[in-house]
file my_file30.cif (mmCIF, C-alpha atoms)
data_data
loop_
_atom_site.label_atom_id
_atom_site.label_comp_id
_atom_site.auth_asym_id
_atom_site.auth_seq_id
_atom_site.Cartn_x
_atom_site.Cartn_y
_atom_site.Cartn_z
CA MET A 1275 144.45 45.69 -111.88
CA LYS A 1276 143.88 48.63 -114.19
CA ILE A 1277 145.01 48.51 -117.80
CA SER A 1278 147.52 51.27 -118.51
CA SER A 1279 147.46 50.91 -122.29
CA VAL A 1280 146.23 48.64 -125.10
CA ASP A 1281 148.66 48.27 -128.00
CA TYR A 1282 146.85 46.72 -130.98
CA LYS A 1283 149.85 47.16 -133.28
CA ASN A 1284 152.19 45.10 -131.10
CA GLN A 1285 149.35 42.94 -129.72
CA LYS A 1286 149.93 43.55 -126.04
CA ILE A 1287 148.27 44.95 -122.94
CA ILE A 1288 150.19 46.91 -120.32
CA ILE A 1289 148.84 46.42 -116.79
CA GLU A 1290 149.54 48.79 -113.93
CA ILE A 1291 150.82 47.12 -110.72
CA PRO A 1292 151.10 49.03 -107.39
CA LEU A 1293 154.23 48.23 -105.39
CA THR A 1294 153.39 49.81 -102.04
CA GLN A 1295 149.87 48.63 -101.20
CA PRO A 1296 150.42 45.37 -99.25
CA THR A 1297 146.82 45.25 -97.98
CA GLY A 1298 145.40 45.28 -101.51
CA LYS A 1299 145.08 42.52 -104.10
CA ILE A 1300 148.78 42.72 -104.97
CA ARG A 1301 151.51 41.68 -102.58
CA ILE A 1302 155.23 41.30 -103.13
CA LYS A 1303 156.62 38.19 -101.45
CA GLU A 1304 159.89 36.31 -101.28
CA ARG A 1305 160.69 32.57 -101.33
CA GLN A 1306 163.40 30.25 -102.62
CA GLY A 1307 161.07 27.98 -104.63
CA TYR A 1308 157.44 28.22 -105.67
CA THR A 1309 156.41 25.36 -103.36
CA ASP A 1310 157.79 27.26 -100.34
CA PHE A 1311 155.65 29.53 -98.18
CA GLY A 1312 156.06 33.10 -99.36
CA ILE A 1313 156.97 35.84 -96.89
CA PRO A 1314 155.56 39.36 -97.55
CA VAL A 1315 158.17 42.01 -98.29
CA ALA A 1316 158.26 45.65 -97.17
CA THR A 1317 159.02 47.06 -100.62
CA ARG A 1318 160.08 50.50 -99.35
CA GLN A 1319 162.67 48.90 -97.06
CA LYS A 1320 164.07 45.91 -98.93
CA VAL A 1321 165.89 45.81 -102.26
CA PHE A 1322 164.14 43.79 -104.96
CA ASN A 1323 165.90 40.54 -105.82
CA PRO A 1324 165.20 37.58 -108.18
CA ASN A 1325 163.64 35.49 -105.36
CA MET A 1326 160.80 37.99 -104.99
CA TYR A 1327 157.51 37.53 -106.80
CA VAL A 1328 154.13 39.15 -107.30
CA GLU A 1329 151.14 37.48 -105.63
CA TRP A 1330 148.02 38.79 -107.36
CA GLN A 1331 144.56 37.87 -106.13
CA ILE A 1332 143.05 38.19 -109.55
CA GLY A 1333 139.36 38.67 -110.34
CA TYR A 1334 137.25 38.69 -113.48
CA ASP A 1335 134.44 41.21 -112.99
CA ALA A 1336 133.19 44.27 -111.15
CA GLU A 1337 129.71 45.17 -110.00
CA LEU A 1338 128.05 47.76 -112.22
CA ASN A 1339 128.51 51.36 -110.95
CA SER A 1340 130.96 50.29 -108.25
CA SER A 1341 134.29 52.04 -107.63
CA LYS A 1342 136.09 48.97 -108.97
CA ALA A 1343 134.05 49.15 -112.19
CA ASN A 1344 135.49 52.62 -112.81
CA LEU A 1345 138.89 50.94 -113.32
CA SER A 1346 137.56 49.01 -116.33
CA ARG A 1347 137.97 50.46 -119.80
CA LEU A 1348 134.78 48.63 -120.78
CA LYS A 1349 132.52 50.04 -118.05
CA ASP A 1350 130.39 51.97 -120.58
CA ARG A 1351 129.90 49.07 -122.98
CA ASN A 1352 126.28 48.05 -122.35
CA ASP A 1353 126.67 45.10 -124.71
CA LEU A 1354 129.32 43.63 -122.41
CA ILE A 1355 127.32 43.81 -119.18
CA PHE A 1356 126.33 40.38 -117.87
CA LYS A 1357 124.14 39.05 -115.06
CA ALA A 1358 126.11 37.15 -112.44
CA TYR A 1359 124.95 34.07 -110.54
CA ASN A 1360 123.98 36.29 -107.58
CA GLY A 1361 121.65 38.31 -109.83
CA LYS A 1362 123.83 41.43 -109.89
CA LYS A 1363 124.84 43.16 -113.11
CA LYS A 1364 128.57 43.07 -113.73
CA VAL A 1365 131.10 44.64 -116.10
CA LEU A 1366 134.22 43.02 -117.50
CA TYR A 1367 137.28 43.74 -115.36
CA GLU A 1368 140.75 42.29 -114.92
CA LEU A 1369 140.86 38.74 -116.34
CA SER A 1370 137.74 39.11 -118.51
CA GLU A 1371 138.89 42.52 -119.73
CA TYR A 1372 142.25 41.06 -120.73
CA LEU A 1373 140.53 38.21 -122.56
CA TYR A 1374 138.32 40.69 -124.42
CA TYR A 1375 141.26 42.71 -125.74
CA LEU A 1376 143.39 39.67 -126.62
CA TYR A 1377 140.35 38.31 -128.48
CA LYS A 1378 139.84 41.60 -130.36
CA MET A 1379 143.54 41.65 -131.25
CA GLY A 1380 143.33 38.15 -132.68
CA VAL A 1381 145.83 36.79 -130.16
CA ILE A 1382 143.05 34.55 -128.81
CA SER A 1383 140.85 33.14 -131.58
CA LYS A 1384 137.13 32.39 -131.64
CA GLN A 1385 138.07 28.71 -131.74
CA ASP A 1386 140.08 29.20 -128.54
CA VAL A 1387 137.05 30.78 -126.84
CA ASP A 1388 134.69 28.11 -128.18
CA THR A 1389 136.98 25.36 -126.89
CA LEU A 1390 137.29 27.09 -123.53
CA GLU A 1391 133.51 27.44 -123.27
CA ARG A 1392 132.93 23.79 -124.15
CA LYS A 1393 135.45 22.52 -121.61
CA ILE A 1394 133.95 24.60 -118.80
CA LYS A 1395 130.40 23.56 -119.69
CA ASN A 1396 131.45 19.91 -119.47
CA ILE A 1397 132.89 20.14 -115.95
CA PRO A 1398 130.70 17.87 -113.73
CA GLU A 1399 129.29 19.50 -110.62
CA ASN A 1400 130.80 16.84 -108.36
CA SER A 1401 134.31 17.67 -109.62
CA LEU A 1402 134.08 21.39 -108.88
CA ILE A 1403 136.70 22.44 -106.35
CA GLU A 1404 134.10 23.61 -103.82
CA ASN A 1405 132.68 20.06 -103.83
CA SER A 1406 136.05 18.30 -103.78
CA TYR A 1407 137.83 19.86 -100.81
CA LYS A 1408 137.15 20.54 -97.15
CA ILE A 1409 138.84 22.51 -94.40
CA TYR A 1410 140.12 20.20 -91.67
CA LYS A 1411 140.58 20.78 -87.96
CA SER A 1412 142.68 18.34 -85.97
CA ASN A 1413 141.56 16.85 -82.66
CA PRO A 1414 142.52 19.18 -79.81
CA ILE A 1415 145.22 18.30 -77.31
CA ARG A 1416 145.79 19.90 -73.94
CA LYS A 1417 148.70 22.30 -73.65
CA THR A 1418 149.88 24.60 -70.88
CA LEU A 1419 151.43 27.94 -71.75
CA ASN A 1420 152.58 30.38 -69.08
CA GLU A 1421 150.67 28.38 -66.46
CA MET A 1422 147.43 28.66 -68.43
CA LYS A 1423 145.70 25.60 -69.87
CA PHE A 1424 144.62 25.55 -73.51
CA LEU A 1425 143.21 23.14 -76.07
CA GLU A 1426 145.49 23.16 -79.10
CA SER A 1427 144.47 22.08 -82.60
CA GLU A 1428 145.48 22.79 -86.18
CA ILE A 1429 143.31 24.04 -89.03
CA LYS A 1430 144.41 22.90 -92.48
CA TYR A 1431 143.36 24.83 -95.57
CA PRO A 1432 143.66 23.02 -98.94
CA HIS A 1433 146.13 24.70 -101.26
CA LEU A 1434 146.57 23.89 -104.97
CA ILE A 1435 149.39 24.97 -107.26
CA TYR A 1436 148.88 25.00 -111.02
CA GLU A 1437 152.04 25.01 -113.11
CA PHE A 1438 151.31 26.72 -116.41
CA ASP A 1439 152.89 24.80 -119.30
CA ASN A 1440 155.53 27.44 -119.99
CA ASP A 1441 159.06 28.64 -119.31
CA PHE A 1442 157.95 31.93 -117.77
CA PHE A 1443 157.84 30.70 -114.13
CA ILE A 1444 154.23 31.83 -113.82
CA ILE A 1445 151.96 29.76 -111.58
CA ALA A 1446 148.45 29.91 -110.18
CA GLU A 1447 147.72 29.16 -106.53
CA ILE A 1448 144.27 28.26 -105.24
CA THR A 1449 143.58 28.54 -101.52
CA ILE A 1450 140.34 27.28 -100.02
CA ARG A 1451 139.06 29.35 -97.08
CA GLU A 1452 135.79 29.90 -95.22
CA LYS A 1453 133.39 32.38 -96.80
CA GLN A 1454 133.51 35.67 -94.90
CA LYS A 1455 129.86 36.66 -95.38
CA ALA A 1456 128.15 33.31 -95.92
CA ILE A 1457 128.26 29.63 -95.02
CA GLY A 1458 130.61 27.32 -96.91
CA ILE A 1459 134.05 27.50 -98.46
CA GLN A 1460 135.50 30.00 -100.90
CA PRO A 1461 138.34 29.13 -103.32
CA MET A 1462 140.59 32.12 -104.03
CA VAL A 1463 142.89 32.35 -107.05
CA TYR A 1464 146.31 34.00 -107.06
CA ILE A 1465 148.53 34.48 -110.08
CA CYS A 1466 152.22 34.52 -109.14
CA PHE A 1467 155.14 35.63 -111.29
CA PRO A 1468 158.71 36.93 -110.69
CA VAL A 1469 159.23 40.64 -110.05
CA SER A 1470 161.76 40.50 -112.88
CA TYR A 1471 158.78 40.84 -115.27
CA LEU A 1472 157.93 44.25 -113.84
CA LYS A 1473 159.19 47.42 -115.49
CA ASP A 1474 159.17 50.99 -114.22
CA GLN A 1475 157.71 53.93 -116.15
CA ASN A 1476 160.94 54.18 -118.15
CA GLY A 1477 160.92 50.49 -119.10
CA ASN A 1478 163.69 49.55 -116.66
CA SER A 1479 163.87 46.56 -114.30
CA ILE A 1480 163.23 47.16 -110.61
CA ILE A 1481 165.75 44.50 -109.49
CA GLY A 1482 168.50 45.95 -107.31
CA ARG A 1483 166.57 48.84 -105.76
CA LYS A 1484 163.72 49.61 -103.36
CA ALA A 1485 160.25 50.86 -104.24
CA GLU A 1486 159.52 54.57 -104.38
CA LYS A 1487 156.62 56.09 -102.45
CA ASN A 1488 153.27 55.13 -104.08
CA GLU A 1489 155.18 53.66 -107.02
CA LYS A 1490 153.38 51.86 -109.82
CA VAL A 1491 155.13 49.53 -112.25
CA TYR A 1492 153.96 47.66 -115.34
CA PHE A 1493 153.40 44.08 -116.45
CA GLU A 1494 153.21 43.24 -120.15
CA LEU A 1495 150.59 40.74 -121.28
CA ASP A 1496 151.23 39.69 -124.88
CA LYS A 1497 150.69 36.71 -127.20
CA ASP A 1498 153.45 34.74 -125.46
CA LYS A 1499 151.63 35.01 -122.13
CA ALA A 1500 148.05 34.65 -123.43
CA PHE A 1501 148.01 31.11 -122.02
CA VAL A 1502 147.79 32.66 -118.54
CA VAL A 1503 144.41 34.22 -119.37
CA ILE A 1504 142.98 31.10 -121.01
CA ASP A 1505 144.07 28.68 -118.29
CA SER A 1506 143.00 31.09 -115.54
CA PHE A 1507 139.51 31.12 -117.04
CA LYS A 1508 139.52 27.31 -116.89
CA ILE A 1509 140.53 27.47 -113.24
CA PHE A 1510 137.77 29.93 -112.35
CA GLY A 1511 135.27 27.82 -114.27
CA MET A 1512 135.99 24.83 -112.05
CA LEU A 1513 135.98 26.62 -108.68
CA SER A 1514 132.25 26.53 -107.92
CA LYS A 1515 128.78 26.53 -109.42
CA ASN A 1516 128.67 30.32 -109.07
CA HIS A 1517 132.01 30.84 -110.78
CA LYS A 1518 131.16 28.43 -113.59
CA HIS A 1519 127.94 30.35 -114.34
CA ASP A 1520 129.73 33.71 -114.36
CA ILE A 1521 132.60 32.54 -116.57
CA LEU A 1522 130.21 31.08 -119.16
CA GLU A 1523 128.22 34.35 -119.18
CA ILE A 1524 131.42 36.32 -119.74
CA LEU A 1525 132.47 34.11 -122.65
CA LYS A 1526 129.01 34.52 -124.14
CA VAL A 1527 129.10 38.34 -124.15
CA ILE A 1528 132.69 38.43 -125.42
CA LYS A 1529 131.77 36.22 -128.39
#
call {"tool": "encode", "arguments": {"input": "my_file30.cif", "output": "structure tokens"}}
result
Amino acid sequence: MKISSVDYKNQKIIIEIPLTQPTGKIRIKERQGYTDFGIPVATRQKVFNPNMYVEWQIGYDAELNSSKANLSRLKDRNDLIFKAYNGKKKVLYELSEYLYYLYKMGVISKQDVDTLERKIKNIPENSLIENSYKIYKSNPIRKTLNEMKFLESEIKYPHLIYEFDNDFFIIAEITIREKQKAIGIQPMVYICFPVSYLKDQNGNSIIGRKAEKNEKVYFELDKDKAFVVIDSFKIFGMLSKNHKHDILEILKVIK
């Protein structure tokens, strides 16, 4: 998501969150507890309540000269361009962009980055998530529906929940799916947090009302929530060989 503003004085980043784009990387869902299955919400039709949360499929880079790269404030910083595992040149965006600014503000120290880099480097290849989980399909059974005979089976996708060590009710969810354009599996990371953390353009809560047309709201990332960025980098670093390479390259250019 695009950064709306960077406040060095108060050491915080304001991130713009769209409320009415359910097919994008942000979805508003509702559930009673974070281990429940979340149900997507039509934000223009349903009033926001405390059981609703943001599901954000977060990323950490953008391909150079792509439309997504234009959302990065660092797109013109040649010293921050890195070469990804796939050989493409990338710019810092989303998670890496947030880390860069928190690092420049002094919220995240060089020691924090050094420790993060060391931990990711030391992750054994056989313990990467892509090498630790598989997608399972149950044995088919015969079933008749409307006088037509089918073979019924279930496909089970591994799903991991990471509870950040905090009182902010922020979690990370990792879902393992098939790669869409290649062979193998693809872990996807989602950051989830209550909609109560969102503020409108006037700084007011959105609880108790519906979303306006094309409305954008704002999430504040400050020193109290910096742990989300650091731990999310750890998670990405352990997803796959590709992710581990990219995360280490990002840490290198930021330092």
call {"tool": "resolve_selection", "arguments": {"input": "my_file30.cif", "expression": "the PyMOL selection byres ((chain A and resi 1307) around 12)", "output": "ChimeraX atom specification"}}
result
/A:1303-1306,1308-1313,1324-1327,1443,1445,1466-1468
call {"tool": "closest_residue", "arguments": {"input": "my_file30.cif", "among": "A:Glu1290, A:Thr1389, A:Ile1277, A:Lys1508", "to": "A:Lys1490", "atoms": "all atoms listed in the file"}}
result
A:Glu1290
call {"tool": "resolve_selection", "arguments": {"input": "my_file30.cif", "expression": "the PyMOL selection byres ((chain A and resi 1427-1438) around 7)", "output": "PDB file with C-alpha atoms, keeping the file's coordinate frame"}}
result
ATOM      1  CA  TYR A1407     137.830  19.860-100.810  1.00  0.00           C
ATOM      2  CA  ILE A1409     138.840  22.510 -94.400  1.00  0.00           C
ATOM      3  CA  TYR A1410     140.120  20.200 -91.670  1.00  0.00           C
ATOM      4  CA  LYS A1411     140.580  20.780 -87.960  1.00  0.00           C
ATOM      5  CA  SER A1412     142.680  18.340 -85.970  1.00  0.00           C
ATOM      6  CA  ASN A1413     141.560  16.850 -82.660  1.00  0.00           C
ATOM      7  CA  PRO A1414     142.520  19.180 -79.810  1.00  0.00           C
ATOM      8  CA  ILE A1415     145.220  18.300 -77.310  1.00  0.00           C
ATOM      9  CA  LEU A1425     143.210  23.140 -76.070  1.00  0.00           C
ATOM     10  CA  GLU A1426     145.490  23.160 -79.100  1.00  0.00           C
ATOM     11  CA  ASP A1439     152.890  24.800-119.300  1.00  0.00           C
ATOM     12  CA  ASN A1440     155.530  27.440-119.990  1.00  0.00           C
ATOM     13  CA  ILE A1444     154.230  31.830-113.820  1.00  0.00           C
ATOM     14  CA  ILE A1445     151.960  29.760-111.580  1.00  0.00           C
ATOM     15  CA  ALA A1446     148.450  29.910-110.180  1.00  0.00           C
ATOM     16  CA  GLU A1447     147.720  29.160-106.530  1.00  0.00           C
ATOM     17  CA  ILE A1448     144.270  28.260-105.240  1.00  0.00           C
ATOM     18  CA  THR A1449     143.580  28.540-101.520  1.00  0.00           C
ATOM     19  CA  ILE A1450     140.340  27.280-100.020  1.00  0.00           C
ATOM     20  CA  ARG A1451     139.060  29.350 -97.080  1.00  0.00           C
TER      21      ARG A1451
END
call {"tool": "closest_residue", "arguments": {"input": "my_file30.cif", "among": "A:Leu1369, A:Ala1336, A:Leu1495, A:Leu1293", "to": "A:Ser1279", "atoms": "all atoms listed in the file"}}
result
A:Leu1495
call {"tool": "residues_around", "arguments": {"input": "my_file30.cif", "residues": "A:Lys1518", "least_positions_apart": "3", "cutoff": "9 Å", "atoms": "all atoms listed in the file", "output": "PyMOL selection string"}}
result
chain A and resi 1359+1394-1395+1397+1402+1510-1515+1521-1523
call {"tool": "write_last_selection", "arguments": {"input": "my_file30.cif", "atoms": "C-alpha atoms", "output": "PDB file, keeping the file's coordinate frame"}}
result
ATOM      1  CA  TYR A1359     124.950  34.070-110.540  1.00  0.00           C
ATOM      2  CA  ILE A1394     133.950  24.600-118.800  1.00  0.00           C
ATOM      3  CA  LYS A1395     130.400  23.560-119.690  1.00  0.00           C
ATOM      4  CA  ILE A1397     132.890  20.140-115.950  1.00  0.00           C
ATOM      5  CA  LEU A1402     134.080  21.390-108.880  1.00  0.00           C
ATOM      6  CA  PHE A1510     137.770  29.930-112.350  1.00  0.00           C
ATOM      7  CA  GLY A1511     135.270  27.820-114.270  1.00  0.00           C
ATOM      8  CA  MET A1512     135.990  24.830-112.050  1.00  0.00           C
ATOM      9  CA  LEU A1513     135.980  26.620-108.680  1.00  0.00           C
ATOM     10  CA  SER A1514     132.250  26.530-107.920  1.00  0.00           C
ATOM     11  CA  LYS A1515     128.780  26.530-109.420  1.00  0.00           C
ATOM     12  CA  ILE A1521     132.600  32.540-116.570  1.00  0.00           C
ATOM     13  CA  LEU A1522     130.210  31.080-119.160  1.00  0.00           C
ATOM     14  CA  GLU A1523     128.220  34.350-119.180  1.00  0.00           C
TER      15      GLU A1523
END
call {"tool": "closest_residue", "arguments": {"input": "my_file30.cif", "among": "A:Tyr1492, A:Phe1356, A:Tyr1464, A:Tyr1282", "to": "A:Gly1333", "atoms": "only C-alpha atoms"}}
result
A:Tyr1464
call {"tool": "residues_around", "arguments": {"input": "my_file30.cif", "residues": "A:Lys1299", "least_positions_apart": "4", "cutoff": "10 Å", "atoms": "all atoms listed in the file", "output": "short mmCIF file (atom, residue, chain, number, x, y, z; two decimals) with C-alpha atoms, keeping the file's coordinate frame"}}
result
data_model
loop_
_atom_site.label_atom_id
_atom_site.label_comp_id
_atom_site.auth_asym_id
_atom_site.auth_seq_id
_atom_site.Cartn_x
_atom_site.Cartn_y
_atom_site.Cartn_z
CA MET A 1275 144.45 45.69 -111.88
CA ILE A 1291 150.82 47.12 -110.72
CA PRO A 1292 151.10 49.03 -107.39
CA GLN A 1295 149.87 48.63 -101.20
CA GLU A 1329 151.14 37.48 -105.63
CA TRP A 1330 148.02 38.79 -107.36
CA GLN A 1331 144.56 37.87 -106.13
CA ILE A 1332 143.05 38.19 -109.55
CA GLY A 1333 139.36 38.67 -110.34
CA TYR A 1464 146.31 34.00 -107.06
#
call {"tool": "closest_residue", "arguments": {"input": "my_file30.cif", "among": "A:Ala1343, A:Ile1480, A:Leu1348, A:Ile1403", "to": "A:Val1463", "atoms": "all atoms listed in the file"}}
result
A:Ile1403
call {"tool": "resolve_selection", "arguments": {"input": "my_file30.cif", "expression": "the PyMOL selection byres ((chain A and resi 1344) around 12)", "output": "list in words"}}
result
Met1275, Lys1276, Ile1277, Asp1335, Ala1336, Glu1337, Leu1338, Asn1339, Ser1340, Ser1341, Lys1342, Ala1343, Leu1345, Ser1346, Arg1347, Leu1348, Lys1349, Asp1350, Lys1364, Val1365, Leu1366, Tyr1367 and Glu1368 of chain A
call {"tool": "atom_distance", "arguments": {"input": "my_file30.cif", "atom1": "atom CA of A:Asp1441", "atom2": "atom CA of A:Glu1371"}}
result
24.5 Å
call {"tool": "decode", "arguments": {"input": "my_file30.cif", "residues": "stretch 1282-1296 of chain A", "atoms": "N, CA and C atoms", "output": "compact mmCIF listing (two decimals), in the first residue's frame"}}
result
# COMPACT_ATOMS: atom_id res chain seq x y z
N TYR A 1282 8.91 12.35 10.32
CA TYR A 1282 10.16 12.10 11.04
C TYR A 1282 10.08 12.62 12.47
N LYS A 1283 9.40 13.74 12.67
CA LYS A 1283 9.34 14.35 14.00
C LYS A 1283 8.68 13.41 15.00
N ASN A 1284 7.56 12.83 14.61
CA ASN A 1284 6.82 11.94 15.51
C ASN A 1284 7.11 10.47 15.25
N GLN A 1285 8.08 10.21 14.36
CA GLN A 1285 8.56 8.86 14.06
C GLN A 1285 7.43 7.90 13.70
N LYS A 1286 6.71 8.27 12.64
CA LYS A 1286 5.64 7.39 12.20
C LYS A 1286 5.41 7.52 10.70
N ILE A 1287 4.83 6.48 10.14
CA ILE A 1287 4.48 6.42 8.72
C ILE A 1287 2.97 6.26 8.63
N ILE A 1288 2.33 7.02 7.77
CA ILE A 1288 0.90 6.90 7.57
C ILE A 1288 0.67 6.19 6.23
N ILE A 1289 -0.04 5.07 6.27
CA ILE A 1289 -0.24 4.24 5.08
C ILE A 1289 -1.70 4.32 4.63
N GLU A 1290 -1.88 4.52 3.35
CA GLU A 1290 -3.21 4.66 2.77
C GLU A 1290 -3.82 3.28 2.50
N ILE A 1291 -5.04 3.06 2.98
CA ILE A 1291 -5.72 1.77 2.84
C ILE A 1291 -7.05 1.99 2.10
N PRO A 1292 -7.27 1.35 0.93
CA PRO A 1292 -8.56 1.48 0.25
C PRO A 1292 -9.61 0.58 0.91
N LEU A 1293 -10.82 1.09 1.05
CA LEU A 1293 -11.89 0.33 1.70
C LEU A 1293 -12.82 -0.37 0.73
N THR A 1294 -12.80 0.03 -0.52
CA THR A 1294 -13.84 -0.46 -1.45
C THR A 1294 -13.25 -1.16 -2.67
N GLN A 1295 -12.12 -1.83 -2.50
CA GLN A 1295 -11.51 -2.59 -3.60
C GLN A 1295 -11.30 -4.04 -3.17
N PRO A 1296 -12.38 -4.83 -3.05
CA PRO A 1296 -12.29 -6.19 -2.50
C PRO A 1296 -11.49 -7.16 -3.37
